[in-house]
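Working notes, structure below.
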Amino acid sequence: MPCRSPSTALVLFAVTAGAALADETGNRLLEEVVVTATRTERALGDLAGNTASITRDELELLGATHPTEALYRSPGTWISRGGSGQEHLTAIRSPVLTGPGSCAEFMLAQDGIHLRPTGFCNVNEMLQANSEQAQRIEVMRGPGTVFYGSNALHGVINVITAAPSQEPERRGALEFGEDGFARLKATAAETHGQHGYRINANVTHDDGWRDDSAYDQYKLDLRHAYAGDRLDVETIFSATHLDQDTATFITGFEAYKDKDRITDNENPEAYRKVTSARVLSRVSRELDAQSSLSLTPYVLWGDMEFLMHFLAVPALEENGYTAVGLQSAYLHELAGGQQLTAGIDLEYADGYLEQTQLEPGFSRFPQGKHYDYDVTSLQVAPFLHGEWPLAERVRLVGGVRYEWLEYDYDNNMLDGATKEDGSSCVSQGNDIPCRYSRPGDRSDDFDNWAAQLGAVFTLDDDNRVYVNLASAFRAPQATDLYRLQEGQVISDIDSTRLDSAEVGVRGSRGPWRYDVAAFYMKKKDYIYQDSDRLVVSDGRTRHYGLELELGHLLGAGWDIATSATFARHLYDYDAVTPGGEVINDGDEIDTAPSTLASTRLGWNYRPGSRVELEWLHVGSYYTDSANEHKYAGHDLLHLRGRLALNRSVTLFGQVQNLADERYAERADWNAFGPTDRYFPGRPRTFFAGIEVGF
């Protein structure tokens, strides 16, 4: 394939870059403003840690039909498209994590507030954010700072809602693609005196390129901003709805290479329906010249229904939540340049979950209801963060966070690993426990500490070195504790902990910009499932690697940029899993490519117009925890562009998978088969549209 040529590989390893290139003065990287690390606007050069930012211009050029198309631009990040439609699985400095213990390893947020309440995560929750019309998407890799607690173990993805504009803005875009894809986007924004507003909305329909894989999606953001002399208030309402028919795995060794099979859907009955709404109001007041106070009350609501096609016998899951919370922060600057931030995060949530197997089962998988429970949670989390200049060119950064989380669980069924009516499962005439186990009513609480200590060294105006040590945690989720499987007990489940060390250098020299980070992390009490889908509650892993960003302006409007990751994700103990798999210290964790890369060659050929060729690389990886089955990896080419005809009209389009490569979005090993199974990748596909400003 052309993108595997030696010359292109040389570009990948020699030129690695972030999303936006440096300007001619060379110092734009350090001045780039981000908010995720500290909840306030900070220049990237001030941070003792990493944050990648995918800008609004990039998002408009990408015209992403799925978040993975944008998030490849952050090194160390792989959002794997799951099945079809808008489902996904996440990896940030980690393997792609699936099943029990997989969600809440990452905090997925919009405007700094997690998309679902603490304790009620879902691996696909990124679909609840309006990433299509964001101001930018920020990705913080590795443990979150003390401003984030549980759910920020491996990283944070924060979708920033577009702000009001100073000048009137009215735009609409209509886009079409193959397989019945159609999308309408609309935005309106303006500022009158001290008040500004923005409305973003988009509607998408896709018939799906695989059988029975159509979806309809609706997203809405309403944002109001008030800017007073000493008081600022931002209020954001967001709502989403997804109605999706899901295309599932195809099975058989390298089935994704068979063009006659890639459109097959082996579970045509699979679907997902998701509705969510959220509102927050961020109130910031300047108390005096040295102090300010920020309060952010919020409300979250969501409802989800989907067929769990990945189980040995598919089952229907219904879940939902309502939550109210408050983020607060008091910032005080001292005379010596020191800065202290103290605050407390509070949240109360009420959620439910039901799981029902609609079809007749076998052995330990009985037809009927498996789980039906309600859970309320209460979270209290005070934190303290400080920054201290130690010398003219050295600044120390550190903080600590304590978090207490309590669950009150109410089982609405009979306790134990039985059928719905209390009888045992039967296999070859013998009574055996059923696969699914329900604990009795109970309350559980977890208290955890997180800490960060880092330093930033200023080499000159355009270059910085940083070091960062962090300890983070993931409190067990409600599904970890109360959706047990046969052989599990709650006393075996503890908070997952991760310790991290990172060193990085970022800056620019003339037309070059760079950002390089090396990391090492160890995790314990990791919850995962083996290839037989049985749960392990006390896993230990280690992760280390190098993440590279570099960009270069080539002249005459040309530029080149690449994001690349070289990492290893390994088991850190010897064990035999409940399914009988042997884990050896040093074995690779499944679905953990050692190499990931996105290389872009772009040309700004006239004002407001750009064409870009992108090469995406996903390295090989094992598909089972015993390291006996493997996927070879893949390389893809994408071509996209925008043409501004005038100030009001822009044409845009893209070709995904330009070389029509046969590949798998994700490969997996199913012990129940036993067989290889794959989410096949989309063949070459065309999209085009027009944007009009009014």
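FYI, nothing fancy with the structure tokens labels: chains A, B, ... in order, residues from 1 per chain, ligands from 1 as they appear.
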
Could you name the residues that touch range 617-629 of chain A at 10 Å or less, counting only C-alpha atoms, but leaving out those on the same chain fewer than 5 positions away, as a PyMOL selection string? chain A and resi 3-4+12+72+78+95+253+529-532+564-566+571+576-577+580-584+587-599+634-637+665-671+675-677

Excluding same-chain residues fewer than 2 positions from Trp388 in chain A, what lies within 6 Å of it counting only C-alpha atoms, as an MDAnalysis selection string? chainID A and resid 338 395:396

Residues from last step as file, N, CA, C and O atoms, as a JSON list (two decimals), in the first residue's frame:
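Written file, part-v5.json:
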```json
[["chain", "number", "residue", "atom", "x", "y", "z"],
["A", 338, "GLN", "N", 2.84, 33.26, 44.26],
["A", 338, "GLN", "CA", 2.19, 31.99, 44.56],
["A", 338, "GLN", "C", 0.70, 32.08, 44.26],
["A", 338, "GLN", "O", 0.10, 33.15, 44.34],
["A", 395, "ARG", "N", 8.99, 26.86, 38.18],
["A", 395, "ARG", "CA", 7.74, 26.98, 38.91],
["A", 395, "ARG", "C", 7.28, 25.59, 39.34],
["A", 395, "ARG", "O", 7.23, 24.66, 38.53],
["A", 396, "LEU", "N", 6.92, 25.46, 40.61],
["A", 396, "LEU", "CA", 6.46, 24.20, 41.18],
["A", 396, "LEU", "C", 4.93, 24.18, 41.18],
["A", 396, "LEU", "O", 4.29, 25.19, 41.45]]
```

Which residues are close to Pro297 in chain A, i.e. within 6 Å by only C-alpha atoms, leaving aside same-chain residues fewer than 4 positions away? Reply as a list of chain:residue names. A:Leu280, A:Ser281, A:Gly325, A:Leu326

Given only C-alpha atoms as the basis, pick out the residue of A:Arg183, A:Arg141, A:Arg401, A:His385 nearest to Gly454 in chain A.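 The closest residue to Gly454 in chain A is A:His385.
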
Please give the complete set of residues from range 330-482 of chain A that DSSP, run on the backbone, assigns to strand (DSSP E), formatted as number ranges by chain. A: 330-333, 339-357, 368-391, 394-411, 425-427, 430-432, 436-437, 442-460, 463-474

Using the selection just defined, write its residues with C-alpha atoms as a JSON list (two decimals), in the first residue's frame.
```json
[["chain", "number", "residue", "atom", "x", "y", "z"],
["A", 330, "TYR", "CA", -11.65, 29.78, 45.40],
["A", 331, "LEU", "CA", -8.52, 31.24, 43.79],
["A", 332, "HIS", "CA", -6.09, 33.46, 45.71],
["A", 333, "GLU", "CA", -2.85, 34.99, 44.42],
["A", 339, "GLN", "CA", -1.29, 30.89, 43.59],
["A", 340, "LEU", "CA", -3.65, 28.74, 45.68],
["A", 341, "THR", "CA", -6.95, 27.19, 44.58],
["A", 342, "ALA", "CA", -9.24, 25.44, 47.06],
["A", 343, "GLY", "CA", -12.62, 23.95, 46.36],
["A", 344, "ILE", "CA", -15.11, 21.18, 46.87],
["A", 345, "ASP", "CA", -17.08, 19.09, 44.38],
["A", 346, "LEU", "CA", -20.48, 17.69, 45.40],
["A", 347, "GLU", "CA", -22.84, 15.37, 43.54],
["A", 348, "TYR", "CA", -25.98, 13.38, 44.26],
["A", 349, "ALA", "CA", -27.26, 10.89, 41.69],
["A", 350, "ASP", "CA", -30.17, 8.47, 41.38],
["A", 351, "GLY", "CA", -29.90, 5.69, 38.80],
["A", 352, "TYR", "CA", -31.34, 2.36, 37.75],
["A", 353, "LEU", "CA", -30.43, -0.66, 35.62],
["A", 354, "GLU", "CA", -32.35, -3.62, 34.24],
["A", 355, "GLN", "CA", -30.98, -6.49, 32.15],
["A", 356, "THR", "CA", -33.32, -8.99, 30.49],
["A", 357, "GLN", "CA", -32.57, -11.94, 28.20],
["A", 368, "GLY", "CA", -35.76, -13.76, 31.70],
["A", 369, "LYS", "CA", -34.62, -10.89, 33.89],
["A", 370, "HIS", "CA", -31.03, -10.99, 35.17],
["A", 371, "TYR", "CA", -30.78, -7.68, 37.06],
["A", 372, "ASP", "CA", -33.17, -5.00, 38.27],
["A", 373, "TYR", "CA", -31.79, -2.52, 40.78],
["A", 374, "ASP", "CA", -31.83, 1.12, 41.87],
["A", 375, "VAL", "CA", -28.79, 2.98, 43.21],
["A", 376, "THR", "CA", -28.35, 6.40, 44.75],
["A", 377, "SER", "CA", -24.90, 7.92, 45.20],
["A", 378, "LEU", "CA", -23.37, 10.81, 47.11],
["A", 379, "GLN", "CA", -19.95, 12.25, 46.30],
["A", 380, "VAL", "CA", -17.98, 14.76, 48.40],
["A", 381, "ALA", "CA", -14.53, 15.81, 47.18],
["A", 382, "PRO", "CA", -12.49, 18.72, 48.60],
["A", 383, "PHE", "CA", -9.20, 19.64, 46.89],
["A", 384, "LEU", "CA", -6.26, 22.04, 47.16],
["A", 385, "HIS", "CA", -4.00, 23.11, 44.29],
["A", 386, "GLY", "CA", -1.00, 25.42, 44.43],
["A", 387, "GLU", "CA", 1.69, 26.97, 42.23],
["A", 388, "TRP", "CA", 4.96, 28.38, 43.56],
["A", 389, "PRO", "CA", 7.79, 30.19, 41.71],
["A", 390, "LEU", "CA", 11.02, 28.64, 43.03],
["A", 391, "ALA", "CA", 13.35, 30.67, 40.85],
["A", 394, "VAL", "CA", 11.31, 27.34, 37.70],
["A", 395, "ARG", "CA", 7.74, 26.98, 38.91],
["A", 396, "LEU", "CA", 6.46, 24.20, 41.18],
["A", 397, "VAL", "CA", 2.91, 22.84, 40.81],
["A", 398, "GLY", "CA", 1.15, 20.50, 43.22],
["A", 399, "GLY", "CA", -2.09, 19.52, 44.84],
["A", 400, "VAL", "CA", -4.10, 16.97, 46.75],
["A", 401, "ARG", "CA", -7.70, 15.73, 46.53],
["A", 402, "TYR", "CA", -9.80, 13.62, 48.88],
["A", 403, "GLU", "CA", -12.95, 11.97, 47.60],
["A", 404, "TRP", "CA", -15.69, 10.09, 49.45],
["A", 405, "LEU", "CA", -18.31, 8.22, 47.43],
["A", 406, "GLU", "CA", -21.26, 6.31, 48.92],
["A", 407, "TYR", "CA", -23.75, 4.01, 47.17],
["A", 408, "ASP", "CA", -27.14, 2.94, 48.50],
["A", 409, "TYR", "CA", -28.23, -0.12, 46.48],
["A", 410, "ASP", "CA", -31.71, -1.66, 46.32],
["A", 411, "ASN", "CA", -32.13, -5.03, 44.57],
["A", 425, "CYS", "CA", -29.66, -23.20, 36.06],
["A", 426, "VAL", "CA", -29.38, -26.73, 34.66],
["A", 427, "SER", "CA", -26.58, -28.18, 32.50],
["A", 430, "ASN", "CA", -26.88, -30.90, 37.04],
["A", 431, "ASP", "CA", -27.97, -27.83, 39.00],
["A", 432, "ILE", "CA", -25.37, -25.08, 38.64],
["A", 436, "TYR", "CA", -25.42, -13.57, 36.66],
["A", 437, "SER", "CA", -25.36, -12.92, 40.41],
["A", 442, "ARG", "CA", -26.63, -2.87, 50.90],
["A", 443, "SER", "CA", -24.66, 0.36, 51.19],
["A", 444, "ASP", "CA", -21.01, 0.76, 50.22],
["A", 445, "ASP", "CA", -18.62, 3.67, 50.50],
["A", 446, "PHE", "CA", -15.15, 4.38, 49.20],
["A", 447, "ASP", "CA", -12.67, 7.05, 50.18],
["A", 448, "ASN", "CA", -9.62, 7.85, 48.07],
["A", 449, "TRP", "CA", -6.78, 10.32, 47.81],
["A", 450, "ALA", "CA", -5.20, 11.75, 44.68],
["A", 451, "ALA", "CA", -2.04, 13.87, 44.51],
["A", 452, "GLN", "CA", 0.06, 15.72, 41.97],
["A", 453, "LEU", "CA", 3.54, 17.24, 42.10],
["A", 454, "GLY", "CA", 5.18, 18.80, 39.07],
["A", 455, "ALA", "CA", 7.55, 21.48, 37.89],
["A", 456, "VAL", "CA", 7.93, 23.66, 34.80],
["A", 457, "PHE", "CA", 11.39, 24.80, 33.68],
["A", 458, "THR", "CA", 11.59, 27.76, 31.29],
["A", 459, "LEU", "CA", 14.48, 27.33, 28.86],
["A", 460, "ASP", "CA", 13.70, 30.53, 26.93],
["A", 463, "ASN", "CA", 10.62, 26.41, 25.07],
["A", 464, "ARG", "CA", 9.69, 24.60, 28.29],
["A", 465, "VAL", "CA", 10.58, 21.36, 30.08],
["A", 466, "TYR", "CA", 8.17, 19.83, 32.60],
["A", 467, "VAL", "CA", 8.05, 16.89, 34.98],
["A", 468, "ASN", "CA", 4.89, 15.57, 36.58],
["A", 469, "LEU", "CA", 4.20, 12.92, 39.23],
["A", 470, "ALA", "CA", 0.60, 11.95, 39.86],
["A", 471, "SER", "CA", -1.46, 9.40, 41.76],
["A", 472, "ALA", "CA", -5.06, 8.82, 40.68],
["A", 473, "PHE", "CA", -7.94, 6.47, 41.42],
["A", 474, "ARG", "CA", -11.12, 5.02, 40.00]]
```
